[in-house]
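See structure below.
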Amino acid sequence: MLETIQIIIAYILLIIGSLFLLIGAVGLIRMPDVFTRMHAVSVMESTGASLIIIGLIIYSGFNSVSLKLIVILLAVIFISSVATHALARACIHDGIKPLKISRGKEQ
Amino acid sequence: MNKSILILVQIIILFLFWYLLSGKNGILLLSIGAICSIIIVFYLLKIRMIDDESLPIKILPKAIYYWIWLYKEMILSSIYISKLILFPRLNISPQYFKIKSKQKSTMGFNIYANSITLTPGTISVIINNSNKEIDVHSISKDTKTSLLKSEMDNKIKKLMGDNDI
């Protein structure tokens with residue numbers, strides 16, 4: 001009984017995480033410029049990836065695999081924030097101006 | 001913080017990491033791991049990498065509460081951004097503005113800038129440590145106003161306490 005509940009929770013988390021990844025991919029195509037695309041990707045990397053890893057941790061139970069997954073989760077979160085900042089800084093350094101839109105119309 | 005405690009904690013962390021990745025109990029593997037972690041810590045001492053900044057064990061217990069709060073914020077703003085993406089008319093209004101932080105220590109400022117980047121909807125672009133200002137790009141006015149309430153800034157100030165790292 002307990003194992004069934006564990007597996008059901010793990011599946012729900014995996015499905016929600018994959019949904020966030022899908023939404024991030026749609027946003028990556030829909031957004032107009034570099035910075036807004038980065039916002040769409042940050043949904044994928046922070047919430048989507050971490051929900052999938054938490055789902056896998058619940059699925060595997062408490063053993064050495066889940067501890068390794070916790071290390072991967074921390075690494076993904078720390079590295080993604082630094083990489084996003086580096087990308088944004090490189091864009092500004094390269095002279096790309098952030099787009100100015102209000103209410104869907106370009107100014 | 002006493003330096004010998006830091007060295008001991010660093011050796012224990014490296015050895016536990018070795019044990020986690022190898023997953024075997026043989027005496028040969030464990031002794032190789034212990035020797036390797038001691039050699040690495042000696043090298044880190046040689047290049048002066050062991051201090052309060054590289055191993056913040058003082059703020060780690062409080063940091064776990066902060067991480068849970070930050071994760072809740074990440075989920076909430078992810079749902080907000082997902083609504084923006086899936087809405088048929090793209091209802092975004094990108095903002096680029098400066099924000100001043102209340103942090104005194106370098107590490108608190110670093111945590112603040114990284115937390116801004118981790119929350120979907122805001123990215124810290126250029127960071128100025130001398131006058132503690134961050135250039136932030138945000139996707140809409142709502143994320144800007146929620147950042148300007150500086151709830152996150154106060155939480156990090158509480159987390160750092162009077163530790164002047």
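Scheme for the structure tokens: letters A, B, ... for chains in order shown; per-chain residue numbers from 1; ligand numbers from 1 in order shown.
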8 Å contacts from chain A to chain B using only C-alpha atoms, as a PyMOL selection string: chain A and resi 20+23-24+26-27+30+35-36+39-40+42-43+46-47+64+67-68+77+80-82+84-86+88-89+92+98-104
Please run DSSP on the backbone and report, as number ranges by chain, all residues within region 39-153 of chain B that come out as alpha helix (DSSP H). B: 39-46, 60-86, 106-118, 141-148, 151-153
Between CA of Ile8 (chain A) and CA of Tyr66 (chain B), distance in Å (one decimal):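 So the answer is 28.5 Å.
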Expressed in Å to a single decimal, how great is the separation between CA of Leu60 (chain B) and CA of Met160 (chain B)?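 Calculated distance between CA of Leu60 (chain B) and CA of Met160 (chain B) is 10.0 Å.
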Nearest candidate to Ile16 (chain A) (options A:Met31, A:Ile53, A:Ala75, A:Ile96; using only C-alpha atoms):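 Looking only at the distances to Ile16 (chain A), the closest residue turns out to be A:Ile53.
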Show which residues sit within 12 Å of Ser150 (chain B), as a ChimeraX atom specification. Count only C-alpha atoms, and ignore same-chain residues fewer than 4 positions away. /B:99-103,112,116,143-146,154-157
